[in-house]
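Data block for target_25.txt (compact mmCIF, C-alpha atoms):
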```txt
# COMPACT_ATOMS: atom_id res chain seq x y z
CA MET D 22 95.18 66.02 75.90
CA ASP D 23 92.97 64.76 78.74
CA ALA D 24 93.06 60.99 79.19
CA VAL D 25 89.46 60.99 80.52
CA ARG D 26 86.48 63.21 79.79
CA ILE D 27 83.18 62.85 81.68
CA PHE D 28 79.79 64.29 80.73
CA ARG D 29 76.24 64.41 82.04
CA GLY D 30 74.00 64.95 79.06
CA ASN D 31 75.97 67.42 76.93
CA GLN D 32 77.56 69.11 79.96
CA ARG D 33 81.14 68.23 80.87
CA VAL D 34 81.59 67.42 84.58
CA ASP D 35 84.54 66.66 86.84
CA HIS D 36 83.45 63.32 88.26
CA VAL D 37 80.90 60.50 88.14
CA ASP D 38 78.06 60.96 90.61
CA PRO D 39 78.09 58.26 93.34
CA ALA D 40 74.37 57.68 92.60
CA ASP D 41 75.06 56.83 88.96
CA ARG D 42 73.21 53.68 87.88
CA GLY D 43 76.22 52.46 85.94
CA LEU D 44 78.08 52.14 89.24
CA ALA D 45 75.12 50.73 91.14
CA TYR D 46 73.78 48.20 88.61
CA GLY D 47 75.97 48.12 85.51
CA ASP D 48 73.04 49.94 83.87
CA GLY D 49 74.82 51.06 80.75
CA LEU D 50 76.72 50.23 77.59
CA PHE D 51 80.28 50.56 76.37
CA GLU D 52 82.38 50.45 73.22
CA THR D 53 86.11 49.75 72.97
CA MET D 54 87.57 51.24 69.80
CA ARG D 55 90.92 51.06 68.06
CA VAL D 56 92.51 54.38 67.14
CA HIS D 57 94.77 54.42 64.08
CA ARG D 58 96.36 57.66 62.87
CA SER D 59 93.78 59.80 64.70
CA GLU D 60 90.82 57.87 63.31
CA ILE D 61 88.66 54.92 64.40
CA PRO D 62 88.29 52.38 61.56
CA TRP D 63 84.79 51.22 62.54
CA LEU D 64 83.39 54.31 64.27
CA ASP D 65 80.04 54.18 62.46
CA ALA D 66 79.64 50.49 63.32
CA HIS D 67 80.45 51.14 66.98
CA LEU D 68 77.91 53.94 67.21
CA GLN D 69 75.28 51.83 65.44
CA ARG D 70 75.80 49.00 67.94
CA LEU D 71 75.62 51.53 70.78
CA GLN D 72 72.30 52.75 69.36
CA ARG D 73 70.92 49.20 69.18
CA GLY D 74 71.92 48.58 72.78
CA ALA D 75 70.41 51.87 73.92
CA GLN D 76 67.12 51.00 72.22
CA ARG D 77 67.13 47.57 73.89
CA LEU D 78 67.74 49.05 77.36
CA ALA D 79 65.73 52.25 76.76
CA ILE D 80 68.75 54.40 77.63
CA ALA D 81 69.03 57.94 76.25
CA LEU D 82 72.22 58.67 74.32
CA PRO D 83 74.13 61.95 74.14
CA ASP D 84 73.73 64.13 71.08
CA GLU D 85 75.58 62.30 68.29
CA ALA D 86 77.23 65.44 66.91
CA VAL D 87 78.62 66.27 70.36
CA LEU D 88 79.74 62.68 70.86
CA ARG D 89 81.52 62.54 67.50
CA ALA D 90 83.23 65.87 68.13
CA GLU D 91 84.54 64.73 71.51
CA ILE D 92 85.73 61.43 70.05
CA ALA D 93 87.60 63.29 67.31
CA ALA D 94 89.21 65.58 69.89
CA MET D 95 90.35 62.63 72.01
CA CYS D 96 91.80 60.82 68.99
CA ALA D 97 93.64 63.81 67.55
CA SER D 98 97.40 63.20 67.18
CA GLN D 99 97.04 59.60 68.40
CA ASP D 100 98.93 57.25 66.09
CA ALA D 101 97.91 54.04 67.85
CA ALA D 102 95.65 53.87 70.90
CA VAL D 103 92.43 52.47 72.33
CA LEU D 104 89.45 54.70 73.08
CA LYS D 105 86.77 53.47 75.46
CA LEU D 106 83.29 54.96 75.56
CA ILE D 107 80.93 54.24 78.46
CA VAL D 108 77.32 55.44 78.51
CA THR D 109 75.14 54.86 81.59
CA ARG D 110 71.46 55.57 82.15
CA GLY D 111 72.52 58.33 84.52
CA VAL D 112 71.86 59.25 88.12
CA GLY D 113 69.01 57.57 90.00
CA GLY D 114 67.86 56.82 93.50
CA ARG D 115 68.09 53.54 95.39
CA GLY D 116 66.20 50.62 93.82
CA TYR D 117 66.13 48.93 90.43
CA ALA D 118 63.34 50.99 88.86
CA PRO D 119 64.95 53.55 86.54
CA PRO D 120 64.12 57.25 86.81
CA GLN D 121 61.81 58.66 84.16
CA HIS D 122 64.03 61.06 82.21
CA PRO D 123 67.63 61.01 83.47
CA ASP D 124 70.47 62.66 81.60
CA PRO D 125 72.91 59.96 80.44
CA THR D 126 76.35 59.89 81.96
CA TRP D 127 79.07 59.23 79.42
CA MET D 128 82.82 59.18 79.46
CA LEU D 129 85.70 58.77 77.06
CA SER D 130 89.05 57.36 78.17
CA LEU D 131 92.23 56.96 76.14
CA HIS D 132 94.53 53.95 76.63
CA ASP D 133 97.73 52.55 75.15
CA ALA D 134 97.31 50.14 72.27
CA PRO D 135 98.05 46.52 73.20
CA PRO D 136 101.38 45.06 72.07
CA PRO D 137 101.28 43.08 68.80
CA MET D 138 100.49 39.37 69.07
CA ARG D 139 100.94 36.88 66.23
CA GLN D 140 99.21 33.87 67.81
CA ALA D 141 97.38 33.03 71.02
CA ASP D 142 97.52 30.15 73.47
CA ILE D 143 94.07 29.71 74.98
CA ILE D 144 92.20 27.55 77.49
CA TRP D 145 88.69 26.34 78.18
CA CYS D 146 87.14 28.40 80.97
CA LYS D 147 84.92 26.82 83.60
CA THR D 148 82.90 30.02 84.00
CA THR D 149 79.86 29.94 81.73
CA PHE D 150 77.54 32.49 80.15
CA ALA D 151 73.99 32.60 81.47
CA ASP D 152 71.21 32.53 78.88
CA GLN D 153 69.54 35.93 78.58
CA PRO D 154 68.16 36.70 75.12
CA ALA D 155 67.11 40.20 76.24
CA LEU D 156 70.78 41.12 76.64
CA ALA D 157 72.41 38.86 74.03
CA GLY D 158 74.52 40.64 71.44
CA ILE D 159 74.68 44.08 73.06
CA LYS D 160 77.74 45.33 74.93
CA HIS D 161 76.18 46.15 78.29
CA CYS D 162 78.26 47.09 81.32
CA ASN D 163 77.56 43.99 83.44
CA ARG D 164 80.55 41.81 82.53
CA LEU D 165 81.05 39.76 85.72
CA GLU D 166 81.02 36.49 83.76
CA GLN D 167 84.00 37.63 81.72
CA VAL D 168 85.72 38.99 84.83
CA LEU D 169 85.54 35.56 86.48
CA ALA D 170 86.62 33.79 83.29
CA ARG D 171 89.52 36.19 82.81
CA ARG D 172 90.79 35.30 86.28
CA GLU D 173 91.01 31.70 85.06
CA VAL D 174 92.99 32.83 82.01
CA VAL D 175 95.47 34.78 84.14
CA ALA D 176 95.85 31.90 86.60
CA ALA D 177 96.67 29.55 83.70
CA SER D 178 99.21 32.03 82.19
CA ALA D 179 97.25 31.83 78.94
CA ASP D 180 96.45 34.55 76.41
CA GLU D 181 92.70 34.00 76.29
CA GLY D 182 89.93 31.61 77.24
CA LEU D 183 86.87 30.17 75.51
CA MET D 184 83.53 30.36 77.29
CA ARG D 185 80.44 28.18 76.86
CA ASP D 186 76.84 28.63 77.93
CA THR D 187 75.15 26.52 80.57
CA SER D 188 74.16 23.96 77.89
CA GLY D 189 77.79 23.48 76.83
CA ASN D 190 77.56 25.41 73.56
CA VAL D 191 80.67 27.45 72.76
CA ILE D 192 79.93 31.19 72.67
CA SER D 193 83.14 33.24 72.50
CA ALA D 194 86.42 34.15 74.13
CA THR D 195 86.39 36.43 77.17
CA SER D 196 87.06 39.49 74.98
CA GLY D 197 86.61 38.38 71.40
CA ASN D 198 84.51 36.30 69.06
CA LEU D 199 85.43 32.83 67.85
CA PHE D 200 85.73 31.50 64.29
CA ILE D 201 86.66 27.96 63.26
CA HIS D 202 87.28 26.33 59.88
CA ASP D 203 85.58 22.92 59.83
CA GLY D 204 86.98 21.80 56.47
CA ASP D 205 83.99 23.09 54.51
CA GLY D 206 84.27 26.74 55.53
CA TRP D 207 84.25 29.25 58.36
CA CYS D 208 81.79 28.99 61.24
CA THR D 209 81.07 31.25 64.20
CA PRO D 210 78.73 30.64 67.15
CA LYS D 211 75.28 32.15 67.19
CA ILE D 212 74.93 35.11 69.55
CA ASP D 213 71.19 34.92 70.21
CA ARG D 214 71.06 33.89 73.86
CA SER D 215 74.33 35.21 75.31
CA GLY D 216 77.61 36.83 74.33
CA VAL D 217 78.53 39.99 72.43
CA ALA D 218 78.07 40.51 68.68
CA GLY D 219 81.50 41.99 68.00
CA ILE D 220 82.27 44.69 65.44
CA CYS D 221 85.01 42.65 63.74
CA ARG D 222 82.69 39.61 63.81
CA ASP D 223 80.02 41.63 61.99
CA TRP D 224 82.56 42.78 59.41
CA LEU D 225 83.58 39.18 58.73
CA LEU D 226 79.96 38.08 58.42
CA ARG D 227 79.48 40.76 55.73
CA HIS D 228 82.76 40.35 53.85
CA ALA D 229 83.68 36.68 54.14
CA SER D 230 81.88 33.39 53.63
CA VAL D 231 80.86 32.53 57.20
CA ARG D 232 77.91 30.65 58.63
CA GLU D 233 76.49 31.12 62.11
CA THR D 234 75.83 27.85 63.88
CA VAL D 235 75.81 26.04 67.21
CA LEU D 236 79.28 24.79 68.15
CA ASP D 237 80.23 22.35 70.87
CA ARG D 238 83.63 21.67 72.38
CA ASP D 239 84.36 18.71 70.08
CA ALA D 240 83.70 20.78 66.96
CA VAL D 241 86.25 23.36 68.10
CA GLN D 242 88.85 20.72 68.96
CA ARG D 243 88.40 19.04 65.54
CA SER D 244 88.66 22.27 63.55
CA TYR D 245 91.26 22.78 60.83
CA ALA D 246 91.95 26.37 61.87
CA ILE D 247 90.76 28.67 64.63
CA PHE D 248 91.00 32.38 65.37
CA LEU D 249 89.62 35.04 67.69
CA CYS D 250 88.71 38.57 66.68
CA ASN D 251 87.74 41.90 68.13
CA ALA D 252 87.77 45.56 67.13
CA VAL D 253 91.10 46.28 68.83
CA ARG D 254 93.31 43.38 67.71
CA GLY D 255 91.52 42.40 64.52
CA ILE D 256 92.07 38.72 63.64
CA LEU D 257 94.21 36.73 66.10
CA PRO D 258 95.12 33.12 65.13
CA VAL D 259 95.02 30.49 67.86
CA ARG D 260 98.13 28.34 68.17
CA ARG D 261 97.17 26.11 71.09
CA LEU D 262 94.02 25.15 72.97
CA ASP D 263 94.85 22.88 75.88
CA ALA D 264 96.85 20.03 74.29
CA ARG D 265 95.71 20.70 70.70
CA GLU D 266 98.00 22.74 68.45
CA TRP D 267 97.31 24.26 65.03
CA PRO D 268 99.90 25.16 62.37
CA GLU D 269 99.80 28.53 60.65
CA SER D 270 96.81 28.67 58.34
CA ALA D 271 96.61 30.05 54.81
CA HIS D 272 92.85 30.41 55.36
CA ILE D 273 93.41 32.77 58.30
CA ARG D 274 96.17 34.66 56.52
CA ALA D 275 93.83 35.34 53.61
CA LEU D 276 91.26 36.88 55.96
CA GLN D 277 93.95 38.95 57.69
CA CYS D 278 95.06 40.34 54.33
CA GLN D 279 91.46 41.12 53.39
CA LEU D 280 90.96 42.99 56.66
CA ALA D 281 94.26 44.89 56.31
CA ASP D 282 93.30 45.97 52.78
CA ALA D 283 90.03 47.37 54.12
CA HIS D 284 91.50 48.91 57.29
CA PRO D 285 95.29 49.58 57.23
CA GLY D 286 95.35 49.81 61.02
CA PHE D 287 95.11 46.01 61.12
CA GLN D 288 98.22 45.34 59.02
```
What is this structure when it is put down as structure tokens?
Amino acid sequence: MDAVRIFRGNQRVDHVDPADRGLAYGDGLFETMRVHRSEIPWLDAHLQRLQRGAQRLAIALPDEAVLRAEIAAMCASQDAAVLKLIVTRGVGGRGYAPPQHPDPTWMLSLHDAPPPMRQADIIWCKTTFADQPALAGIKHCNRLEQVLARREVVAASADEGLMRDTSGNVISATSGNLFIHDGDGWCTPKIDRSGVAGICRDWLLRHASVRETVLDRDAVQRSYAIFLCNAVRGILPVRRLDAREWPESAHIRALQCQLADAHPGFQ
């Protein structure tokens, strides 16, 4: 099985063209998907989010039947893995203006699943998200804010880091969404000006009692329980944030059981 497959339109190619706009400008989208027993639990949701992002950026997508067939081929015989899909606008000349009708470049790459983690120790990152409603929610390829924030996490020997926007509102972790229990119920930050609307976040909004709201640092520090989530790890409880520690939470465990019942890959 090839670990990487690259395409231009529906044609498989050997390499990414140096003039690809994904390389030059981050002009593209990506999805990171958990593979469990040769299947992706939320494949439809991933492809729907990809479609929303492509409509926002006016990027052409590959034929969905071809894309699904290639995904299935990459996942075959994989018990536990991570599959990454990148779609760029395609090849273009110098300058920001996109070409009229480029063939999209897209690639699939297979990676080892991350080791299990019961709880996370996290920090507050100094790097902030810039406000940009035109890009908020979609998973576009320009992720320099998270790259800088992740350097802070590594330097602090932490598991993750929380990021705020330039107004001080808490948005998310570097690679996951945030949920807190404030005593009345679960809350998650709004993703209308920055950040990524995660697949696991969307599942929780549909299947649990959660309200979207504006959260500041104090609200997070005062919370009764806190967890991060994404489509690869599922629900990850937070044990420590700076000097604050949280005991194991029955509220979080109940959500983990609900997710595992729906998708056995997250047991």
- prompt: Which is closer to D:Val241 than all the others in D:Leu131, D:Ala283, D:Val37, D:Leu262, using all atoms listed in the file?
  reply: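 Looking only at the distances to D:Val241, the closest residue turns out to be D:Leu262.
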message: When you look at stretch 104-121 of chain D with a cut-off of 7 Å (counting all atoms listed in the file), what residues show up, excluding the ones that are within fewer than 6 positions of it in the same chain? I need them as a list in words.
response: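 The contact residues come out as Asp38, Ala40, Asp41, Arg42, Gly43, Asp48, Gly49, Leu50, Phe51, Glu52, Thr53, Met54, Arg55, Val56, Ile80, Ala81, Trp127, Met128, Leu129, Ser130, Leu131 and His132 of chain D.
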message: Rounded to one decimal, what separation in Å do you get between atom CA of D:Asp133 and atom CA of D:Ala24?
response: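 The value is 10.5 Å.
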- prompt: Quick one: of D:Val34, D:Ala97, D:Ile201, D:Leu78, who's nearest to D:Ala157, counting all atoms listed in the file?
  reply: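 Among the listed residues, the smallest separation from D:Ala157 belongs to D:Leu78.
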Interatomic distance (Å, one decimal) between atom CA of D:Pro135 and atom CA of D:Lys147: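 Here the two named atoms are 25.9 Å from each other.
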task: Can you work out which one of D:Asp142, D:Glu91, D:Asp203, D:Glu269 has the shortest atom-to-atom distance to D:Leu183, counting only C-alpha atoms?
output: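 The closest residue to D:Leu183 is D:Asp142.
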query: Pick from D:Met138, D:Ala79, D:Ala240, D:Ala229: nearest to D:Gly189, with all atoms listed in the file counted?
result: D:Ala240
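The shortest atom-to-atom distance to D:Ala179, with only C-alpha atoms taken into account, belongs to D:Arg261 out of D:His161, D:Arg238, D:Arg261, D:Lys211.
Atom CA of D:Ile220 sits 5.8 Å away from atom CA of D:Ala252.
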message: Given the point (97.5, 29.2, 70.9) in the coordinates of this file, which residues lie within 12 Å, counting all atoms listed in the file, and how would they look as an MDAnalysis selection string?
response: chainID D and resid 138:145 178:183 246:249 257:269
field: Among listed residues D:Cys146, D:Leu71, D:Ser196, D:Ala155, nearest D:Glu173 (using all atoms listed in the file)
entry: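 Of D:Cys146, D:Leu71, D:Ser196, D:Ala155, the one nearest D:Glu173 is D:Cys146, counting all atoms listed in the file.
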message: I'd like the contact shell of stretch 164-172 of chain D - 6 Å cut-off, all atoms listed in the file, skipping same-chain residues fewer than 3 positions apart - returned as a list of chain:residue names.
response: D:Cys146, D:Thr148, D:Val175, D:Thr195
- request: Please provide the set of residues having any atom within 9 Å of D:Leu276, restricted to all atoms listed in the file, with same-chain residues fewer than 4 positions apart removed, written as a list in words.
  value: Leu225, Ala229, Ile256, Ala271, His272, Leu280 and Ala281 of chain D
How about saving the chosen residues, C-alpha atoms kept, as a short mmCIF file (atom, residue, chain, number, x, y, z; two decimals), keeping the file's coordinate frame?
```cif
data_model
loop_
_atom_site.label_atom_id
_atom_site.label_comp_id
_atom_site.auth_asym_id
_atom_site.auth_seq_id
_atom_site.Cartn_x
_atom_site.Cartn_y
_atom_site.Cartn_z
CA LEU D 225 83.58 39.18 58.73
CA ALA D 229 83.68 36.68 54.14
CA ILE D 256 92.07 38.72 63.64
CA ALA D 271 96.61 30.05 54.81
CA HIS D 272 92.85 30.41 55.36
CA LEU D 280 90.96 42.99 56.66
CA ALA D 281 94.26 44.89 56.31
#
```
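Using all atoms listed in the file, the protein and nucleic acid residues lying at most 10 Å from the point (77.9, 41.4, 70.5) are Arg70, Gly74, Leu156, Ala157, Gly158, Ile159, Lys160, His161, Ser193, Gly197, Asn198, Ile212, Asp213, Ser215, Gly216, Val217, Ala218, Gly219, Ile220, Cys221, Arg222 and Asp223 of chain D.
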Keeping only C-alpha atoms, take the residues you just selected and write them out as a compact mmCIF listing (two decimals), in the frame of the given file.
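Generated file (again32.txt):
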```txt
# COMPACT_ATOMS: atom_id res chain seq x y z
CA ARG D 70 75.80 49.00 67.94
CA GLY D 74 71.92 48.58 72.78
CA LEU D 156 70.78 41.12 76.64
CA ALA D 157 72.41 38.86 74.03
CA GLY D 158 74.52 40.64 71.44
CA ILE D 159 74.68 44.08 73.06
CA LYS D 160 77.74 45.33 74.93
CA HIS D 161 76.18 46.15 78.29
CA SER D 193 83.14 33.24 72.50
CA GLY D 197 86.61 38.38 71.40
CA ASN D 198 84.51 36.30 69.06
CA ILE D 212 74.93 35.11 69.55
CA ASP D 213 71.19 34.92 70.21
CA SER D 215 74.33 35.21 75.31
CA GLY D 216 77.61 36.83 74.33
CA VAL D 217 78.53 39.99 72.43
CA ALA D 218 78.07 40.51 68.68
CA GLY D 219 81.50 41.99 68.00
CA ILE D 220 82.27 44.69 65.44
CA CYS D 221 85.01 42.65 63.74
CA ARG D 222 82.69 39.61 63.81
CA ASP D 223 80.02 41.63 61.99
```
Exercise: D:Ser98 partners within 9 Å, all atoms listed in the file, chain neighbours under 3 positions left out, as a CSV table (one decimal) with C-alpha atoms, keeping the file's coordinate frame:
```csv
chain,number,residue,atom,x,y,z
D,58,ARG,CA,96.4,57.7,62.9
D,59,SER,CA,93.8,59.8,64.7
D,94,ALA,CA,89.2,65.6,69.9
D,95,MET,CA,90.4,62.6,72.0
```
